[in-house]
$ cat input19.txt   # compact mmCIF, C-alpha atoms and all ligand atoms
# COMPACT_ATOMS: atom_id res chain seq x y z
CA MET A 1 -71.79 335.31 47.53
CA THR A 2 -68.97 334.45 45.17
CA ALA A 3 -68.69 336.90 42.30
CA ASN A 4 -68.41 335.60 38.75
CA LEU A 5 -65.63 337.68 37.20
CA LEU A 6 -67.05 337.05 33.72
CA ASP A 7 -69.90 339.38 34.71
CA TYR A 8 -67.63 342.45 34.73
CA ASP A 9 -66.38 344.81 32.08
CA LEU A 10 -63.05 346.41 32.95
CA ASP A 11 -64.58 349.28 34.91
CA GLY A 12 -66.73 346.82 36.84
CA LEU A 13 -63.71 344.66 37.59
CA ALA A 14 -61.73 347.71 38.69
CA GLN A 15 -64.50 348.58 41.15
CA PHE A 16 -64.53 345.00 42.38
CA CYS A 17 -60.77 345.11 42.91
CA GLU A 18 -61.04 348.48 44.61
CA ARG A 19 -63.41 346.93 47.15
CA LEU A 20 -60.64 344.42 47.84
CA GLY A 21 -58.19 347.30 48.35
CA GLU A 22 -56.48 346.73 44.99
CA LYS A 23 -55.46 349.27 42.37
CA ARG A 24 -56.89 349.43 38.84
CA PHE A 25 -53.75 348.00 37.24
CA ARG A 26 -54.41 344.78 39.17
CA ALA A 27 -57.86 344.64 37.58
CA VAL A 28 -56.25 345.07 34.16
CA GLN A 29 -53.87 342.17 34.88
CA LEU A 30 -56.74 340.00 36.07
CA PHE A 31 -58.89 340.94 33.07
CA ARG A 32 -56.10 340.02 30.68
CA TRP A 33 -55.48 336.68 32.37
CA ILE A 34 -59.14 335.77 32.15
CA HIS A 35 -60.01 336.95 28.65
CA GLN A 36 -56.73 336.99 26.74
CA LYS A 37 -55.18 333.89 28.26
CA GLY A 38 -58.32 332.00 29.16
CA ALA A 39 -57.21 331.39 32.73
CA SER A 40 -59.80 330.36 35.27
CA ARG A 41 -57.53 329.36 38.17
CA PHE A 42 -56.11 332.22 40.19
CA ASP A 43 -53.02 330.14 40.95
CA ASP A 44 -52.19 330.19 37.23
CA MET A 45 -52.11 334.00 37.18
CA SER A 46 -48.44 334.10 37.95
CA ASP A 47 -47.83 337.86 37.96
CA LEU A 48 -50.64 338.57 40.41
CA ALA A 49 -49.45 339.04 43.98
CA LYS A 50 -49.92 335.87 45.98
CA SER A 51 -51.89 337.80 48.58
CA LEU A 52 -54.35 338.95 45.91
CA ARG A 53 -54.71 335.44 44.54
CA GLU A 54 -55.56 334.19 48.01
CA LYS A 55 -58.03 337.03 48.50
CA LEU A 56 -59.72 336.27 45.18
CA LYS A 57 -60.12 332.58 45.99
CA GLY A 58 -62.44 333.48 48.82
CA VAL A 59 -64.70 335.88 46.98
CA ALA A 60 -64.58 335.27 43.24
CA GLN A 61 -64.47 332.71 40.50
CA VAL A 62 -64.40 332.47 36.74
CA GLN A 63 -67.60 330.60 36.23
CA ALA A 64 -67.88 328.94 32.84
CA LEU A 65 -71.08 327.43 31.53
CA PRO A 66 -71.25 323.64 31.58
CA VAL A 67 -71.21 322.22 28.07
CA ILE A 68 -74.10 319.85 27.42
CA SER A 69 -73.08 318.95 23.91
CA GLN A 70 -70.77 319.83 21.09
CA HIS A 71 -71.29 319.05 17.43
CA ILE A 72 -68.96 319.67 14.54
CA SER A 73 -70.27 319.97 11.02
CA SER A 74 -68.51 318.71 7.92
CA ASP A 75 -68.26 322.38 6.87
CA GLY A 76 -66.35 323.26 10.06
CA THR A 77 -69.26 324.87 11.88
CA ILE A 78 -69.32 324.00 15.58
CA LYS A 79 -72.38 324.13 17.77
CA TRP A 80 -72.29 324.06 21.55
CA LEU A 81 -75.25 323.68 23.83
CA PHE A 82 -74.63 325.29 27.23
CA ASP A 83 -76.48 324.61 30.45
CA VAL A 84 -77.65 327.87 32.05
CA GLY A 85 -79.46 326.15 34.92
CA GLY A 86 -83.10 325.70 35.79
CA GLY A 87 -83.59 323.30 32.89
CA ASP A 88 -82.63 325.97 30.35
CA ALA A 89 -79.99 325.65 27.67
CA VAL A 90 -78.64 328.12 25.14
CA GLU A 91 -76.77 327.55 21.98
CA THR A 92 -73.64 329.08 20.51
CA VAL A 93 -72.41 328.53 16.98
CA PHE A 94 -68.95 329.08 15.51
CA ILE A 95 -68.77 329.57 11.75
CA PRO A 96 -65.29 329.42 10.21
CA GLU A 97 -64.72 331.16 6.91
CA ASP A 98 -61.62 331.86 4.86
CA ASP A 99 -61.10 335.35 6.20
CA ARG A 100 -62.90 335.33 9.54
CA GLY A 101 -64.26 333.26 12.39
CA THR A 102 -67.73 334.27 13.52
CA LEU A 103 -69.33 333.35 16.81
CA CYS A 104 -73.09 333.60 17.12
CA ILE A 105 -74.10 333.93 20.76
CA SER A 106 -77.39 333.86 22.65
CA SER A 107 -78.61 336.69 24.89
CA GLN A 108 -81.68 335.12 26.49
CA ALA A 109 -82.98 331.67 27.34
CA GLY A 110 -85.99 331.66 25.03
CA CYS A 111 -87.53 334.84 23.67
CA ALA A 112 -90.67 336.81 24.42
CA MET A 113 -91.02 338.52 21.05
CA GLY A 114 -93.06 335.75 19.41
CA CYS A 115 -91.98 336.18 15.80
CA ARG A 116 -94.10 333.83 13.73
CA PHE A 117 -91.29 332.23 11.76
CA CYS A 118 -89.05 331.62 14.79
CA SER A 119 -89.19 328.51 16.89
CA THR A 120 -87.39 330.23 19.80
CA GLY A 121 -90.32 332.62 19.80
CA HIS A 122 -92.73 329.67 19.78
CA GLN A 123 -90.98 328.19 22.81
CA GLY A 124 -91.56 331.32 24.87
CA PHE A 125 -89.33 333.25 27.24
CA SER A 126 -87.50 331.80 30.21
CA ARG A 127 -85.04 334.47 31.38
CA ASN A 128 -82.41 337.01 30.49
CA LEU A 129 -78.82 335.82 30.47
CA LYS A 130 -76.36 337.57 32.75
CA THR A 131 -73.38 339.38 31.22
CA GLY A 132 -71.16 336.55 32.41
CA GLU A 133 -73.34 333.95 30.72
CA MET A 134 -72.99 335.75 27.40
CA ILE A 135 -69.25 336.28 27.85
CA ALA A 136 -68.83 332.66 28.96
CA GLN A 137 -69.94 331.60 25.47
CA LEU A 138 -67.18 333.70 23.89
CA TRP A 139 -64.60 332.87 26.55
CA PHE A 140 -65.13 329.16 26.14
CA ALA A 141 -65.27 329.18 22.33
CA GLU A 142 -62.19 331.37 21.87
CA HIS A 143 -59.95 329.39 24.19
CA PHE A 144 -61.30 326.03 23.12
CA LEU A 145 -60.59 326.90 19.48
CA ARG A 146 -57.13 328.29 20.23
CA GLU A 147 -56.22 325.10 22.01
CA HIS A 148 -57.60 322.79 19.37
CA LEU A 149 -56.26 324.75 16.41
CA GLN A 150 -52.99 325.22 18.30
CA ARG A 151 -53.05 328.93 17.64
CA ASP A 152 -51.71 331.63 19.92
CA GLU A 153 -53.54 334.47 18.29
CA ARG A 154 -57.24 335.25 18.23
CA VAL A 155 -59.49 332.80 16.40
CA ILE A 156 -62.84 334.55 16.71
CA SER A 157 -62.79 337.76 14.69
CA ASN A 158 -66.52 338.55 14.67
CA VAL A 159 -69.32 338.18 17.19
CA VAL A 160 -72.98 338.38 16.25
CA MET A 161 -75.69 338.55 18.88
CA MET A 162 -78.10 336.60 16.74
CA GLY A 163 -78.62 333.43 18.72
CA MET A 164 -81.53 332.87 21.05
CA GLY A 165 -83.23 335.97 22.39
CA GLU A 166 -83.74 339.66 21.67
CA PRO A 167 -80.50 341.33 22.87
CA LEU A 168 -82.03 344.77 23.32
CA GLN A 169 -84.62 343.35 25.68
CA ASN A 170 -81.70 342.38 27.90
CA TYR A 171 -80.01 345.74 27.41
CA ALA A 172 -78.49 346.25 30.87
CA GLU A 173 -76.62 342.94 30.71
CA VAL A 174 -75.73 343.19 27.01
CA ILE A 175 -73.89 346.53 27.28
CA PRO A 176 -71.13 345.30 29.64
CA ALA A 177 -70.83 342.16 27.51
CA LEU A 178 -70.26 344.31 24.41
CA ARG A 179 -67.66 346.34 26.30
CA VAL A 180 -65.76 343.17 27.19
CA MET A 181 -65.80 342.09 23.54
CA LEU A 182 -64.45 345.47 22.42
CA ASP A 183 -61.88 345.96 25.17
CA ASP A 184 -58.26 345.75 24.01
CA HIS A 185 -57.36 344.07 27.30
CA ALA A 186 -59.92 341.34 26.55
CA TYR A 187 -61.00 340.30 23.03
CA GLY A 188 -60.17 343.57 21.26
CA LEU A 189 -62.83 343.22 18.57
CA SER A 190 -63.55 346.28 16.48
CA ARG A 191 -67.03 347.79 16.66
CA ARG A 192 -67.52 346.86 13.01
CA ARG A 193 -67.05 343.22 13.88
CA VAL A 194 -69.54 343.02 16.71
CA THR A 195 -73.16 342.97 15.59
CA VAL A 196 -76.31 343.33 17.65
CA SER A 197 -79.40 342.04 15.93
CA THR A 198 -82.80 343.33 17.01
CA SER A 199 -86.41 342.87 16.05
CA GLY A 200 -86.74 346.63 16.43
CA ILE A 201 -86.97 348.00 19.99
CA VAL A 202 -86.71 351.63 18.94
CA PRO A 203 -85.82 353.34 22.27
CA LYS A 204 -83.07 350.80 22.88
CA ILE A 205 -81.67 351.31 19.37
CA ASP A 206 -81.30 355.00 20.25
CA LEU A 207 -79.70 354.14 23.58
CA LEU A 208 -77.28 351.70 21.95
CA ALA A 209 -76.28 354.44 19.49
CA GLU A 210 -75.34 356.66 22.42
CA GLN A 211 -73.76 354.15 24.74
CA CYS A 212 -72.07 351.47 22.67
CA PRO A 213 -72.56 351.78 18.92
CA VAL A 214 -71.65 348.51 17.26
CA ALA A 215 -72.84 347.14 13.92
CA LEU A 216 -76.62 346.86 13.82
CA ALA A 217 -78.80 344.27 12.14
CA VAL A 218 -82.57 344.61 12.11
CA SER A 219 -84.97 341.74 11.59
CA LEU A 220 -87.27 343.34 9.06
CA HIS A 221 -88.98 340.44 7.28
CA ALA A 222 -91.79 342.51 5.75
CA PRO A 223 -92.17 345.70 3.72
CA THR A 224 -95.51 346.85 5.17
CA ASP A 225 -96.94 347.25 8.65
CA ALA A 226 -99.90 344.99 7.85
CA LEU A 227 -97.58 342.09 7.04
CA ARG A 228 -94.94 342.86 9.68
CA ASP A 229 -97.59 343.11 12.40
CA ASP A 230 -98.34 339.48 11.66
CA LEU A 231 -94.75 338.22 11.37
CA VAL A 232 -93.04 340.35 14.04
CA PRO A 233 -95.64 341.32 16.68
CA LEU A 234 -93.33 344.02 18.09
CA ASN A 235 -94.16 345.99 14.95
CA LYS A 236 -97.51 346.96 16.48
CA LYS A 237 -95.56 348.92 19.08
CA TYR A 238 -92.78 350.22 16.84
CA PRO A 239 -94.10 350.34 13.26
CA ILE A 240 -91.84 350.31 10.24
CA ASP A 241 -91.58 354.08 9.69
CA MET A 242 -90.60 354.59 13.34
CA LEU A 243 -88.04 351.79 13.02
CA MET A 244 -86.58 353.24 9.82
CA ASP A 245 -86.20 356.64 11.47
CA ALA A 246 -84.36 354.97 14.36
CA CYS A 247 -82.06 353.23 11.86
CA ASN A 248 -81.27 356.56 10.24
CA ARG A 249 -80.47 358.09 13.62
CA TYR A 250 -78.30 355.09 14.47
CA LEU A 251 -76.21 355.63 11.36
CA ALA A 252 -74.92 358.90 12.76
CA HIS A 253 -73.10 356.83 15.42
CA ALA A 254 -72.66 353.44 13.76
CA PRO A 255 -69.22 352.03 12.97
CA ARG A 256 -70.49 351.04 9.53
CA ASP A 257 -72.32 353.27 7.09
CA PHE A 258 -75.17 350.84 6.64
CA ILE A 259 -77.72 348.85 8.60
CA THR A 260 -78.22 345.20 7.76
CA PHE A 261 -81.82 344.17 7.23
CA GLU A 262 -82.55 340.50 7.77
CA TYR A 263 -85.35 339.12 5.70
CA CYS A 264 -86.51 335.55 6.17
CA MET A 265 -87.97 334.30 2.89
CA LEU A 266 -91.38 332.73 3.48
CA ASP A 267 -93.10 331.03 0.58
CA GLY A 268 -96.13 332.98 -0.61
CA VAL A 269 -96.06 335.23 2.48
CA ASN A 270 -93.39 337.91 2.01
CA ASP A 271 -91.42 336.67 -1.00
CA GLN A 272 -93.37 338.06 -3.94
CA ILE A 273 -91.92 340.53 -6.46
CA GLU A 274 -94.43 343.06 -5.21
CA HIS A 275 -92.89 342.77 -1.72
CA ALA A 276 -89.42 343.40 -3.10
CA GLN A 277 -90.70 346.48 -4.93
CA GLN A 278 -92.31 347.69 -1.71
CA LEU A 279 -88.96 347.25 0.07
CA VAL A 280 -87.21 349.32 -2.57
CA ALA A 281 -89.84 352.06 -2.15
CA LEU A 282 -89.47 351.86 1.64
CA VAL A 283 -85.71 352.21 1.54
CA ARG A 284 -85.87 355.08 -0.96
CA ARG A 285 -88.42 356.88 1.17
CA HIS A 286 -86.13 356.74 4.19
CA ALA A 287 -82.65 356.85 2.72
CA SER A 288 -81.00 360.15 3.33
CA GLY A 289 -78.19 360.75 0.89
CA GLY A 290 -78.18 357.39 -0.84
CA VAL A 291 -78.32 353.71 -0.05
CA TRP A 292 -77.77 353.06 3.65
CA CYS A 293 -78.70 349.42 4.10
CA LYS A 294 -77.88 345.91 3.03
CA PHE A 295 -80.33 343.05 2.80
CA ASN A 296 -79.65 339.50 3.88
CA LEU A 297 -82.21 337.14 2.44
CA ILE A 298 -82.42 334.18 4.79
CA PRO A 299 -83.82 330.83 3.73
CA PHE A 300 -86.46 329.72 6.22
CA ASN A 301 -85.93 326.46 8.10
CA PRO A 302 -89.44 325.12 8.54
CA PHE A 303 -90.72 323.81 11.84
CA PRO A 304 -94.14 322.18 12.10
CA GLU A 305 -95.93 324.66 14.37
CA SER A 306 -95.21 327.59 12.07
CA GLY A 307 -97.41 326.56 9.16
CA LEU A 308 -94.84 328.36 6.99
CA HIS A 309 -92.68 327.11 4.14
CA CYS A 310 -89.34 327.92 2.62
CA SER A 311 -89.37 330.04 -0.57
CA PRO A 312 -88.19 328.20 -3.70
CA PRO A 313 -84.64 329.18 -4.72
CA GLN A 314 -85.79 330.75 -8.00
CA GLN A 315 -88.19 332.98 -6.07
CA VAL A 316 -85.37 334.07 -3.75
CA GLN A 317 -83.20 334.87 -6.78
CA ALA A 318 -85.97 336.87 -8.46
CA PHE A 319 -86.61 338.76 -5.23
CA ALA A 320 -82.92 339.54 -4.81
CA LYS A 321 -82.71 340.78 -8.40
CA VAL A 322 -85.36 343.43 -7.77
CA LEU A 323 -83.39 344.74 -4.80
CA MET A 324 -80.05 344.60 -6.58
CA ASP A 325 -81.41 346.25 -9.73
CA ALA A 326 -82.44 349.11 -7.44
CA GLY A 327 -78.82 349.40 -6.28
CA ILE A 328 -79.33 347.74 -2.88
CA VAL A 329 -76.55 345.38 -1.80
CA THR A 330 -78.25 342.03 -1.24
CA THR A 331 -76.88 338.69 -0.13
CA ILE A 332 -78.58 335.35 -0.05
CA ARG A 333 -77.40 333.47 2.99
CA LYS A 334 -76.26 329.92 2.64
CA THR A 335 -76.98 327.42 5.32
CA ARG A 336 -74.08 326.43 7.52
CA GLY A 337 -73.87 323.41 9.76
CA GLU A 338 -77.07 321.82 8.49
CA ASP A 339 -75.79 318.35 9.30
CA ILE A 340 -75.52 319.31 12.99
CA ASP A 341 -78.75 321.31 13.16
CA ALA A 342 -76.85 324.55 13.55
CA ALA A 343 -78.58 326.23 10.67
CA CYS A 344 -80.98 329.04 11.24
CA GLY A 345 -84.13 327.70 12.79
CA GLN A 346 -82.50 324.64 14.23
CA LEU A 347 -80.80 325.93 17.33
CA ALA A 348 -81.24 324.04 20.58
CA GLY A 349 -82.77 321.16 18.66
CA GLU A 350 -85.90 322.89 17.53
CA VAL A 351 -84.86 326.39 18.43
CA LYS A 352 -84.83 329.08 15.81
CA ASP A 353 -82.12 331.63 15.35
CA ARG A 354 -83.24 334.56 13.27
CA THR A 355 -80.37 334.71 10.91
CA ARG A 356 -77.85 332.65 9.10
CA VAL A 357 -74.34 333.74 9.47
CA GLY A 358 -71.78 332.87 6.90
CA GLU A 359 -72.02 333.24 3.17
CA ARG A 360 -69.51 330.79 1.88
CA ILE A 361 -68.82 327.21 2.58
CA ALA A 362 -65.63 327.23 4.56
CA ARG A 363 -62.64 325.24 3.60
CA GLN A 364 -63.09 321.71 4.71
CA ARG A 365 -61.18 321.28 7.93
CA THR A 366 -60.37 318.36 10.03
CA TRP A 367 -60.92 319.18 13.63
CA THR A 368 -59.22 317.14 16.27
CA ILE A 369 -61.46 317.60 19.23
CA LYS A 370 -60.62 316.35 22.65
CA PRO A 371 -63.48 315.57 24.99
CA VAL A 372 -64.78 318.79 26.48
CA SER A 373 -64.06 319.23 30.13
CA MET A 374 -64.83 322.51 31.80
CA ASP A 375 -63.10 323.17 35.04
CA LYS A 376 -65.23 325.47 37.14
CA GLU A 377 -62.78 325.60 40.02
CA THR A 378 -60.76 328.65 40.63
S1 LIG A 401 -86.69 336.15 15.65
FE1 LIG A 401 -85.43 336.92 17.35
S2 LIG A 401 -86.76 338.40 18.39
FE2 LIG A 401 -88.12 337.15 17.10
S3 LIG A 401 -88.81 335.49 18.47
FE3 LIG A 401 -86.96 334.75 17.40
S4 LIG A 401 -85.24 335.17 18.79
FE4 LIG A 401 -87.01 336.43 19.44
$ encode --input "input19.txt" --output "structure tokens" --more "lines below"
Ligand code: SF4
Amino acid sequence: MTANLLDYDLDGLAQFCERLGEKRFRAVQLFRWIHQKGASRFDDMSDLAKSLREKLKGVAQVQALPVISQHISSDGTIKWLFDVGGGDAVETVFIPEDDRGTLCISSQAGCAMGCRFCSTGHQGFSRNLKTGEMIAQLWFAEHFLREHLQRDERVISNVVMMGMGEPLQNYAEVIPALRVMLDDHAYGLSRRRVTVSTSGIVPKIDLLAEQCPVALAVSLHAPTDALRDDLVPLNKKYPIDMLMDACNRYLAHAPRDFITFEYCMLDGVNDQIEHAQQLVALVRRHASGGVWCKFNLIPFNPFPESGLHCSPPQQVQAFAKVLMDAGIVTTIRKTRGEDIDAACGQLAGEVKDRTRVGERIARQRTWTIKPVSMDKET
């Protein structure tokens, strides 16, 4: 079987090269060609020995994901729909801002967690993505953007695993993907700029803290177990107090000194002043040595099956004020890419992402986009 080299972190690639009788420094060269230069053809990797290039052609490839569609918003947001086979597609969104470029990637085709406000959850679970399928989203986006912005240096400065799926349910494949993102021979992103977002799988939060601590975002969405049980069914297994304790433990390893709590504002469900006060009490009960979290209040993008509605803006403001008056850093997320259905809750047509990334409308940019053509040949 032909190996997809996007599946490997550097250690994995070194082992692969070792099986071919090649030294680790060859793996480093190969890794850099693939991730830093975006090469997919071995013949283009000019400083690799010709004999190695020939060897690789027989056993390996850099297998990108076919692009089904690409949409560019008037605010500069770009959404790609990738074909992952078997009738499944996943979505990736790039959000340009003044001081950063954020890529939101998917970790699963569908999701099994069944959060009530999430249309991905309503669609059900299809399968976990392989490491290479997650990295292919970053690989494609980074090199596509470099080419079209005519930039030599890195365009994507932040990656958030907040697209389709629960990343920590696909833990074994996510960890090598994170290592590729962080590796200086690949994308060289700092741990602070790579965020894993979870609905709260407590044992995996602890494992992530040990094995690859990156920034952590938790989909909280409710201040009490009674309400969270209804909105995020996983809460029945890992209730709020257990989750908060895991967050506190995570902070001992985290690259940032706070956890981000995502909170989707649902009209009349979890958006009352009383709920905000309960959140303040919750945070104070668990905070050790001061404030250790930030809240992102996320406007809900309604979809018919949910029976839920978006909170009015004045309610969101009043809710935020309670948190901020208590000294908790709180942001209200703005929608990005609404005109291309890339906003939260609109991924993959009717697919819901659980967060909105991006707080400010980016500078208006004119993107000159050539037709996408992905060459899967080596
Ligand atoms: S919010 Fe996240 S964890 Fe919940 S169903 Fe949606 S994708 Fe899955």
$ closest_atom_pairs --input "input19.txt" --of "segment 160-266 of chain A" --to "segment 307-325 of chain A" --cutoff "10 Å" --atoms "all atoms listed in the file" --output "Markdown table"
| residue | atom | partner | partner_atom | distance |
| --- | --- | --- | --- | --- |
| A:Cys264 | CA | A:Cys310 | CA | 8.9 |
| A:Met265 | CA | A:Ser311 | CA | 5.7 |
| A:Leu266 | CA | A:Ser311 | CA | 5.3 |
$ write_last_selection --input "input19.txt" --atoms "C-alpha atoms" --output "mmCIF file, in the frame of the given file"
data_model
loop_
_atom_site.group_PDB
_atom_site.id
_atom_site.type_symbol
_atom_site.label_atom_id
_atom_site.label_comp_id
_atom_site.auth_asym_id
_atom_site.auth_seq_id
_atom_site.Cartn_x
_atom_site.Cartn_y
_atom_site.Cartn_z
ATOM 1 C CA CYS A 264 -86.510 335.550 6.170
ATOM 2 C CA MET A 265 -87.970 334.300 2.890
ATOM 3 C CA LEU A 266 -91.380 332.730 3.480
#
$ closest_atom_pairs --input "input19.txt" --of "chain A" --to "ligand LIG 401 (chain A)" --cutoff "6 Å" --atoms "all atoms listed in the file" --output "tab-separated table"
residue	atom	partner	partner_atom	distance
A:Cys111	CA	A:LIG401	FE4	4.5
A:Met113	CA	A:LIG401	S3	4.6
A:Gly114	CA	A:LIG401	S3	4.4
A:Cys115	CA	A:LIG401	FE2	4.2
A:Cys118	CA	A:LIG401	FE3	4.6
A:Thr120	CA	A:LIG401	FE3	5.1
A:Gly121	CA	A:LIG401	S3	3.5
A:Met164	CA	A:LIG401	S4	4.9
A:Gly165	CA	A:LIG401	S4	4.2
A:Glu166	CA	A:LIG401	S2	4.6
A:Ser199	CA	A:LIG401	S2	5.1
A:Asp353	CA	A:LIG401	S4	5.8
A:Arg354	CA	A:LIG401	S1	4.5
$ atom_distance --input "input19.txt" --atom1 "atom CA of Tyr238 of chain A" --atom2 "atom CA of Asp225 of chain A"
9.7 Å
$ residues_around --input "input19.txt" --residues "Gln61 of chain A" --least-positions-apart "4" --cutoff "12 Å" --atoms "only C-alpha atoms" --output "list of chain:residue names"
A:Met1, A:Thr2, A:Ala3, A:Asn4, A:Leu5, A:Leu6, A:Asp7, A:Tyr8, A:Leu30, A:Ile34, A:Ala39, A:Ser40, A:Arg41, A:Phe42, A:Asp43, A:Arg53, A:Glu54, A:Lys55, A:Leu56, A:Lys57, A:Gly132, A:Asp375, A:Lys376, A:Glu377, A:Thr378
$ closest_residue --input "input19.txt" --among "A:Lys294, A:Arg116, A:Lys50, A:Arg146" --to "Asp229 of chain A" --atoms "only C-alpha atoms"
A:Arg116
$ atom_distance --input "input19.txt" --atom1 "atom CA of Ile105 of chain A" --atom2 "atom CA of Val90 of chain A"
8.6 Å
$ closest_residue --input "input19.txt" --among "A:Val214, A:Ile175, A:Leu168, A:Val93" --to "Gln70 of chain A" --atoms "all atoms listed in the file"
A:Val93
$ closest_residue --input "input19.txt" --among "A:His143, A:Arg193, A:Arg228, A:Lys236" --to "Thr102 of chain A" --atoms "all atoms listed in the file"
A:Arg193
$ atom_distance --input "input19.txt" --atom1 "atom CA of Ala215 of chain A" --atom2 "atom CA of Ala254 of chain A"
6.3 Å
$ closest_residue --input "input19.txt" --among "A:Met45, A:Ile72, A:Ala112, A:Ile332" --to "Ile298 of chain A" --atoms "only C-alpha atoms"
A:Ile332
$ closest_residue --input "input19.txt" --among "A:Val62, A:Ala252, A:Ala287, A:Ala281" --to "Asp206 of chain A" --atoms "all atoms listed in the file"
A:Ala252
$ decode --input "input19.txt" --residues "segment 23-39 of chain A" --atoms "N, CA and C atoms" --output "short mmCIF file (atom, residue, chain, number, x, y, z; two decimals), in the first residue's frame"
data_model
loop_
_atom_site.label_atom_id
_atom_site.label_comp_id
_atom_site.auth_asym_id
_atom_site.auth_seq_id
_atom_site.Cartn_x
_atom_site.Cartn_y
_atom_site.Cartn_z
N LYS A 23 18.64 7.69 6.51
CA LYS A 23 18.92 8.32 7.81
C LYS A 23 17.87 9.39 8.15
N ARG A 24 17.84 9.77 9.44
CA ARG A 24 16.84 10.74 9.90
C ARG A 24 16.94 12.09 9.16
N PHE A 25 18.17 12.51 8.84
CA PHE A 25 18.28 13.83 8.20
C PHE A 25 17.57 13.86 6.85
N ARG A 26 17.45 12.67 6.22
CA ARG A 26 16.68 12.61 4.96
C ARG A 26 15.19 12.86 5.23
N ALA A 27 14.73 12.31 6.38
CA ALA A 27 13.33 12.53 6.75
C ALA A 27 13.09 14.02 7.01
N VAL A 28 14.06 14.67 7.64
CA VAL A 28 13.92 16.11 7.91
C VAL A 28 13.82 16.87 6.59
N GLN A 29 14.69 16.52 5.64
CA GLN A 29 14.64 17.18 4.32
C GLN A 29 13.28 16.99 3.66
N LEU A 30 12.82 15.75 3.69
CA LEU A 30 11.53 15.41 3.06
C LEU A 30 10.39 16.18 3.73
N PHE A 31 10.42 16.19 5.05
CA PHE A 31 9.40 16.87 5.85
C PHE A 31 9.34 18.36 5.49
N ARG A 32 10.53 18.95 5.36
CA ARG A 32 10.57 20.38 5.03
C ARG A 32 10.06 20.65 3.62
N TRP A 33 10.41 19.77 2.69
CA TRP A 33 9.91 19.95 1.32
C TRP A 33 8.38 19.92 1.30
N ILE A 34 7.83 18.95 2.03
CA ILE A 34 6.38 18.77 1.99
C ILE A 34 5.67 19.94 2.67
N HIS A 35 6.07 20.23 3.92
CA HIS A 35 5.27 21.17 4.71
C HIS A 35 5.72 22.62 4.56
N GLN A 36 7.02 22.85 4.43
CA GLN A 36 7.46 24.24 4.32
C GLN A 36 7.38 24.75 2.89
N LYS A 37 7.63 23.85 1.94
CA LYS A 37 7.64 24.31 0.54
C LYS A 37 6.40 23.87 -0.22
N GLY A 38 5.61 23.02 0.38
CA GLY A 38 4.36 22.60 -0.26
C GLY A 38 4.56 21.67 -1.44
N ALA A 39 5.71 21.00 -1.48
CA ALA A 39 5.97 20.11 -2.63
C ALA A 39 5.19 18.81 -2.49
#
